[in-house]
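With compact mmCIF, C-alpha atoms inside, this is coords_5.txt:
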# COMPACT_ATOMS: atom_id res chain seq x y z
CA MET A 292 -15.85 -10.15 1.64
CA ASP A 293 -16.29 -8.24 4.90
CA GLY A 294 -17.29 -4.64 5.25
CA PRO A 295 -19.90 -2.19 3.98
CA ALA A 296 -20.67 -1.70 0.30
CA GLY A 297 -17.94 0.24 -1.45
CA SER A 298 -15.18 -0.82 0.94
CA GLN A 299 -13.26 -2.47 -1.92
CA LYS A 300 -12.03 0.95 -3.13
CA PHE A 301 -8.32 1.73 -3.49
CA HIS A 302 -5.95 4.44 -4.69
CA LEU A 303 -2.32 4.02 -5.82
CA ALA A 304 0.57 6.46 -6.28
CA GLN A 305 4.17 6.39 -7.50
CA HIS A 306 6.38 8.62 -5.34
CA ASP A 307 9.11 8.65 -2.76
CA ALA A 308 7.44 7.27 0.37
CA VAL A 309 8.08 10.27 2.63
CA ALA A 310 7.06 12.76 -0.08
CA TRP A 311 3.80 10.86 -0.55
CA LEU A 312 3.08 10.84 3.18
CA ARG A 313 3.79 14.57 3.46
CA ALA A 314 0.99 15.26 0.98
CA LEU A 315 -1.59 13.34 3.04
CA PRO A 316 -3.80 15.22 5.51
CA SER A 317 -3.11 14.85 9.22
CA GLU A 318 -5.12 12.17 11.03
CA SER A 319 -6.64 10.74 7.86
CA VAL A 320 -5.44 7.12 8.13
CA ASP A 321 -6.69 4.25 10.31
CA LEU A 322 -3.79 1.79 10.01
CA VAL A 323 -0.30 1.50 8.51
CA VAL A 324 1.15 -1.88 7.53
CA THR A 325 4.40 -1.59 5.62
CA ASP A 326 7.70 -3.25 4.74
CA PRO A 327 10.45 -0.81 3.74
CA PRO A 328 13.36 -2.19 1.71
CA TYR A 329 15.65 -1.79 4.69
CA GLU A 330 19.32 -0.88 4.54
CA SER A 331 20.63 -4.20 5.87
CA LEU A 332 19.66 -5.79 2.55
CA GLU A 333 22.77 -4.17 1.08
CA LYS A 334 25.15 -6.49 2.90
CA HIS A 335 23.23 -9.52 1.62
CA ARG A 336 23.48 -8.20 -1.93
CA ALA A 337 27.25 -8.12 -1.60
CA ILE A 338 27.36 -11.86 -0.94
CA GLY A 339 24.63 -12.74 -3.41
CA THR A 340 21.75 -13.84 -1.16
CA THR A 341 19.21 -11.10 -1.91
CA THR A 342 16.66 -11.33 -4.72
CA ARG A 343 16.91 -8.96 -7.68
CA LEU A 344 14.01 -6.87 -8.88
CA LYS A 345 13.81 -7.98 -12.50
CA HIS A 346 13.24 -5.27 -15.09
CA SER A 347 14.21 -7.49 -18.02
CA LYS A 348 15.51 -10.94 -18.93
CA SER A 349 19.10 -9.74 -19.11
CA SER A 350 21.69 -10.63 -16.51
CA SER A 351 22.25 -6.97 -15.57
CA ASN A 352 18.92 -6.39 -13.82
CA ASP A 353 18.71 -3.66 -11.19
CA TRP A 354 18.33 -4.14 -7.48
CA PHE A 355 15.32 -2.49 -5.90
CA ALA A 356 16.32 0.75 -4.13
CA ILE A 357 16.83 0.52 -0.39
CA PHE A 358 15.40 2.95 2.18
CA PRO A 359 18.33 4.26 4.26
CA ASN A 360 18.24 3.97 8.05
CA ALA A 361 19.01 7.69 8.24
CA ARG A 362 15.54 8.43 6.83
CA PHE A 363 13.62 6.53 9.50
CA PRO A 364 13.07 9.64 11.70
CA GLU A 365 11.33 11.57 8.90
CA LEU A 366 9.35 8.48 7.90
CA PHE A 367 8.08 7.84 11.42
CA ALA A 368 7.28 11.52 11.97
CA GLU A 369 5.03 11.54 8.90
CA LEU A 370 3.40 8.22 9.78
CA HIS A 371 2.59 9.52 13.26
CA ARG A 372 1.09 12.68 11.76
CA VAL A 373 -1.17 10.99 9.20
CA LEU A 374 -2.51 8.33 11.57
CA ARG A 375 -5.67 9.12 13.50
CA ARG A 376 -5.61 9.04 17.28
CA ASN A 377 -5.90 5.59 18.85
CA THR A 378 -4.52 3.59 15.93
CA HIS A 379 -1.80 1.02 15.21
CA PHE A 380 1.23 0.79 12.95
CA TYR A 381 3.06 -2.39 11.90
CA LEU A 382 6.54 -2.44 10.37
CA PHE A 383 8.06 -5.57 8.83
CA CYS A 384 11.84 -5.71 9.30
CA ASP A 385 14.77 -8.00 10.02
CA PRO A 386 16.30 -8.26 13.53
CA GLU A 387 19.15 -5.90 12.62
CA THR A 388 16.80 -3.13 11.45
CA MET A 389 14.61 -3.55 14.53
CA PHE A 390 17.29 -1.97 16.72
CA VAL A 391 17.26 1.12 14.50
CA ALA A 392 13.52 1.37 13.86
CA LYS A 393 12.26 0.90 17.43
CA PRO A 394 13.93 4.00 18.96
CA ALA A 395 13.12 6.08 15.88
CA GLY A 396 9.44 5.17 16.22
CA GLU A 397 9.40 5.97 19.93
CA GLN A 398 11.07 9.32 19.32
CA ALA A 399 8.32 10.17 16.82
CA GLY A 400 5.69 9.63 19.53
CA PHE A 401 4.66 6.00 19.06
CA LYS A 402 4.30 3.52 21.91
CA PHE A 403 6.24 0.36 21.05
CA TRP A 404 4.57 -2.75 22.37
CA LYS A 405 6.56 -5.71 21.10
CA PRO A 406 7.94 -7.43 18.02
CA LEU A 407 5.56 -9.94 16.50
CA ILE A 408 7.12 -12.86 14.64
CA TRP A 409 6.27 -14.03 11.16
CA ASN A 410 7.21 -17.72 11.08
CA LYS A 411 7.97 -18.46 7.43
CA VAL A 412 7.59 -22.24 8.06
CA ARG A 413 10.22 -23.13 5.45
CA ILE A 414 13.87 -22.42 6.18
CA GLY A 415 15.69 -19.79 4.12
CA MET A 416 19.26 -18.69 3.46
CA GLY A 417 21.79 -17.62 6.06
CA TYR A 418 25.38 -17.98 7.28
CA HIS A 419 24.78 -17.52 11.03
CA TYR A 420 21.79 -19.87 11.50
CA ARG A 421 19.51 -20.06 8.50
CA ALA A 422 16.57 -17.65 8.50
CA ARG A 423 13.01 -18.79 9.14
CA TYR A 424 11.39 -15.73 10.69
CA GLU A 425 10.96 -11.99 10.30
CA CYS A 426 10.00 -9.33 12.84
CA ILE A 427 6.87 -7.18 12.72
CA LEU A 428 7.24 -4.18 15.02
CA PHE A 429 3.96 -3.29 16.73
CA PHE A 430 3.51 0.44 17.44
CA GLU A 431 0.54 2.37 18.80
CA LYS A 432 -0.58 6.01 18.62
CA GLY A 433 -2.81 6.76 21.59
CA LYS A 434 -4.65 3.72 22.94
CA ARG A 435 -6.50 1.07 20.97
CA LYS A 436 -7.45 -2.46 21.97
CA LEU A 437 -6.82 -5.35 19.65
CA ASN A 438 -10.00 -6.89 18.29
CA ASP A 439 -9.10 -10.45 19.36
CA LEU A 440 -6.95 -10.84 22.46
CA GLY A 441 -6.58 -14.55 21.76
CA ILE A 442 -4.28 -14.10 18.75
CA ALA A 443 -0.68 -15.21 19.42
CA ASP A 444 2.39 -13.08 18.74
CA ILE A 445 3.72 -15.64 16.24
CA ILE A 446 1.95 -15.68 12.87
CA GLU A 447 2.65 -18.68 10.64
CA ALA A 448 2.49 -18.46 6.85
CA PRO A 449 4.80 -19.98 4.22
CA ARG A 450 7.10 -17.56 2.42
CA ILE A 451 6.17 -16.62 -1.16
CA SER A 452 8.24 -18.44 -3.77
CA GLY A 453 8.79 -16.99 -7.23
CA GLY A 454 6.90 -13.75 -6.55
CA TYR A 455 7.96 -10.13 -6.18
CA PRO A 456 11.27 -9.68 -4.26
CA ALA A 457 10.75 -10.11 -0.48
CA GLU A 458 6.98 -10.39 -0.97
CA LYS A 459 4.96 -10.96 2.20
CA PRO A 460 1.97 -13.33 2.29
CA ALA A 461 -1.35 -11.48 2.33
CA LYS A 462 -2.41 -13.88 5.10
CA VAL A 463 0.04 -12.26 7.53
CA SER A 464 -1.14 -8.72 6.81
CA GLU A 465 -4.75 -9.84 7.01
CA VAL A 466 -4.24 -10.88 10.64
CA LEU A 467 -2.82 -7.43 11.46
CA ILE A 468 -5.58 -5.59 9.60
CA ARG A 469 -8.39 -7.55 11.26
CA GLN A 470 -6.79 -7.02 14.66
CA SER A 471 -6.40 -3.25 14.38
CA THR A 472 -9.29 -1.92 12.25
CA GLU A 473 -12.99 -2.32 11.63
CA PRO A 474 -14.52 -2.99 8.19
CA GLY A 475 -14.67 0.09 5.98
CA LEU A 476 -11.65 1.83 7.48
CA LEU A 477 -8.54 2.97 5.61
CA VAL A 478 -5.26 1.04 5.51
CA ILE A 479 -2.13 2.47 3.84
CA ASP A 480 1.25 1.08 2.76
CA PRO A 481 3.86 3.64 1.59
CA PHE A 482 6.19 0.83 0.37
CA MET A 483 3.58 -1.44 -1.17
CA GLY A 484 5.72 -3.54 -3.53
CA SER A 485 3.37 -5.87 -5.39
CA GLY A 486 0.45 -5.03 -3.11
CA SER A 487 0.02 -7.90 -0.65
CA VAL A 488 -1.14 -5.48 2.07
CA GLY A 489 -3.68 -4.04 -0.37
CA VAL A 490 -5.01 -7.50 -1.19
CA ALA A 491 -5.36 -8.25 2.52
CA ALA A 492 -7.14 -4.93 3.11
CA LEU A 493 -9.66 -5.33 0.29
CA THR A 494 -10.46 -8.96 1.06
CA SER A 495 -11.03 -7.92 4.69
CA GLY A 496 -13.46 -5.20 3.63
CA ARG A 497 -11.16 -2.25 4.26
CA ARG A 498 -10.16 0.55 1.89
CA PHE A 499 -6.55 0.81 0.76
CA ALA A 500 -4.12 3.50 -0.34
CA GLY A 501 -0.70 2.40 -1.52
CA ASN A 502 2.47 3.95 -2.84
CA ASP A 503 5.73 2.75 -4.34
CA LEU A 504 8.63 4.41 -6.14
CA CYS A 505 8.76 1.62 -8.73
CA LYS A 506 6.36 1.76 -11.69
CA GLU A 507 6.45 -2.03 -12.06
CA ALA A 508 5.26 -2.36 -8.46
CA VAL A 509 2.38 0.07 -9.00
CA ASP A 510 1.28 -1.72 -12.17
CA ALA A 511 1.50 -5.14 -10.49
CA THR A 512 -0.50 -3.93 -7.48
CA ARG A 513 -3.19 -2.38 -9.65
CA ALA A 514 -3.65 -5.67 -11.51
CA ARG A 515 -3.80 -7.68 -8.27
CA LEU A 516 -6.31 -5.38 -6.59
CA CYS A 517 -8.59 -5.29 -9.61
CA GLU A 518 -8.44 -9.08 -9.77
CA ALA A 519 -9.39 -9.16 -6.08
CA GLY A 520 -12.54 -7.18 -6.87
CA GLY A 521 -11.24 -3.72 -6.04
CA SER A 522 -12.24 -0.47 -7.73
CA GLU A 523 -9.70 2.33 -8.11
CA VAL A 524 -10.66 5.91 -7.23
CA GLY A 525 -9.01 8.99 -8.69
CA SER A 526 -7.46 10.51 -5.57
CA PHE A 527 -6.59 9.87 -1.95
CA ALA A 528 -9.03 12.62 -0.99
CA ALA A 529 -11.90 10.74 -2.64
CA LEU A 530 -10.93 7.56 -0.82
CA VAL A 531 -10.93 9.29 2.56
CA GLU A 532 -14.24 11.04 1.90
CA GLU A 533 -15.89 7.76 0.97
CA ALA A 534 -14.66 6.21 4.20
CA GLU A 535 -15.92 9.15 6.25
CA ALA A 536 -19.30 9.08 4.51
CA GLY A 537 -19.86 5.38 5.33
CA GLU A 538 -21.36 3.85 8.43
CA HIS A 539 -17.90 3.71 10.03
CA GLY A 540 -17.07 7.27 8.97
CA ARG A 541 -15.76 9.95 11.26
CA ALA A 542 -15.96 13.70 11.59
CA GLY A 543 -13.36 16.00 10.16
CA ARG A 544 -13.48 15.83 6.37
CA MET A 545 -10.54 17.23 4.45
CA ARG A 546 -10.56 20.88 3.53
CA PRO A 547 -10.61 21.81 -0.19
CA SER A 548 -7.07 23.20 0.13
CA GLU A 549 -5.83 19.79 1.33
CA GLN A 550 -7.52 18.09 -1.61
CA LEU A 551 -5.79 20.45 -4.04
CA GLY A 552 -2.42 19.73 -2.47
CA LEU A 553 -2.95 16.01 -2.88
CA SER A 554 -4.00 16.19 -6.50
CA GLY A 555 -0.93 18.24 -7.31
CA LEU A 556 1.38 15.49 -6.08
CA GLU A 557 -0.59 12.56 -7.46
CA ASP A 558 -0.40 13.87 -11.01
CA ARG A 559 3.39 13.47 -11.29
CA PRO A 560 5.46 10.40 -10.41
CA ASP A 561 8.43 10.95 -8.11
CA THR A 562 11.89 9.88 -9.23
CA ALA A 563 13.69 10.24 -5.90
CA GLU A 564 15.86 7.31 -4.84
CA GLY A 565 15.64 5.15 -1.75
CA ALA A 566 11.93 4.52 -1.28
CA SER A 567 10.89 1.60 -3.44
CA GLY A 568 8.93 -1.14 -1.71
CA ALA A 569 10.25 -4.64 -1.30
CA ARG A 570 7.09 -6.63 -1.85
Any chance you could give the structure as structure tokens?
Amino acid sequence: MDGPAGSQKFHLAQHDAVAWLRALPSESVDLVVTDPPYESLEKHRAIGTTTRLKHSKSSSNDWFAIFPNARFPELFAELHRVLRRNTHFYLFCDPETMFVAKPAGEQAGFKFWKPLIWNKVRIGMGYHYRARYECILFFEKGKRKLNDLGIADIIEAPRISGGYPAEKPAKVSEVLIRQSTEPGLLVIDPFMGSGSVGVAALTSGRRFAGNDLCKEAVDATRARLCEAGGSEVGSFAALVEEAEAGEHGRAGRMRPSEQLGLSGLEDRPDTAEGASGAR
């Protein structure tokens, strides 16, 4: 495992994604990698090609809640605020959502560089050419070089079969994390699903903070991260302070008032709709 001692720390929360981000201090995060349950999934549900989030063995299981396109502006505004200067942000989405997310990200202040492609290797479902890829929108706040300029813009990894709905392979997120951070830094995912981004962060020697509206997702992520050798800390504030105290730490610790605001939110799960992760 890469990174300084203690870099396997993580913190998890169960809230609406935007509400969770609003409680985080400004410029406290080094990288965002996330996969919202985008609105275009709804049309696939109507024709029966989208996976259910299973809460039981009955045939009336719920769908996971989607994140409406109308909320992208507030999401991107908060992501831009919490990211430090000279950092990156990656958003998994389908081609339809890309045309909504790109301008919303640019309006929030991000520089959009290009869509990366996740090649799923194995062909999937579809009525207008069967799907074998997904987009990863590459945004930047300020200016930051990639760690390896030799990495291609197509990342190959087989899709996950039989896992959490729309789960992304940790291998894909690991490429993004290694490209855009150094060991010991802090990666977040406000729609963490079953925690594949967290697994990629910890195994790469980075710290991780994740959030999801769904309790099952939080429980599944906690189990996966502990199995990967991670150690959970009691608050986001503690996670940030550990990162800043390490050899890759930075100036500007959180004020006590910010820590109090965070603990107030973390103590109570959010029940708002429309922000549950898809992985």
*Using only C-alpha atoms, which residues sit within 8 Å of Cys426 in chain A once same-chain residues fewer than 3 positions away are excluded, as a ChimeraX atom specification?*
/A:383-386,389,406-409
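For the set A:Val463, A:Ala361, A:Ala491, A:Leu312, the residue with the smallest atom-to-atom gap to Ala519 in chain A is A:Ala491, counting only C-alpha atoms.
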*Excluding Leu437 in chain A and residues on its chain fewer than 4 positions from it, collect all residues at most 9 Å away from it, counting only C-alpha atoms, and give them as a PyMOL selection string.*
chain A and resi 469-472
*Work out how far CA of Val412 in chain A is from CA of Ala443 in chain A, in Å to one decimal.*
15.7 Å
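The two atoms in question, CA of Leu493 in chain A and CA of Asp326 in chain A, are spaced 18.0 Å apart.
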*asked:* Just to confirm, what's the straight-line distance from CA of Asp480 in chain A to CA of Phe367 in chain A in Å (one decimal)?
replied: 12.9 Å
_Counting all atoms listed in the file, the residue of A:Arg515, A:Arg497, A:His306, A:Lys405 that sits nearest Asp293 in chain A_ = A:Arg497
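Of the residues listed (A:Ala448, A:Ala514, A:Ala492, A:Leu303), A:Ala448 shows the shortest atom-to-atom separation from Lys411 in chain A; distances use only C-alpha atoms.
Nearest to Asp307 in chain A of all the residues A:Arg498, A:Lys506, A:Lys393, A:Arg513 is A:Lys506, counting only C-alpha atoms.
Shortest atom-to-atom contact with Ser487 in chain A among A:Val524, A:Leu428, A:Val324, A:Ala536: A:Val324, counting only C-alpha atoms.
Residue nearest Glu533 in chain A within the list A:Glu318, A:Pro327, A:Val490, A:Leu477: A:Leu477 [criterion: smallest interatomic distance, all atoms listed in the file].
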*May I have the protein, DNA and RNA residues with an atom at most 8 Å from (7.4, 9.3, 14.7), counting all atoms listed in the file in the file's coordinates, returned as a ChimeraX atom specification?*
/A:364-372,395-401
Need the axis-aligned box for range 303-311 of chain A with 6 Å each side, so what are the centre and edges in Å to one decimal, as AutoDock Vina command-line options?
--center_x 3.4 --center_y 8.4 --center_z -2.4 --size_x 23.4 --size_y 20.7 --size_z 22.1
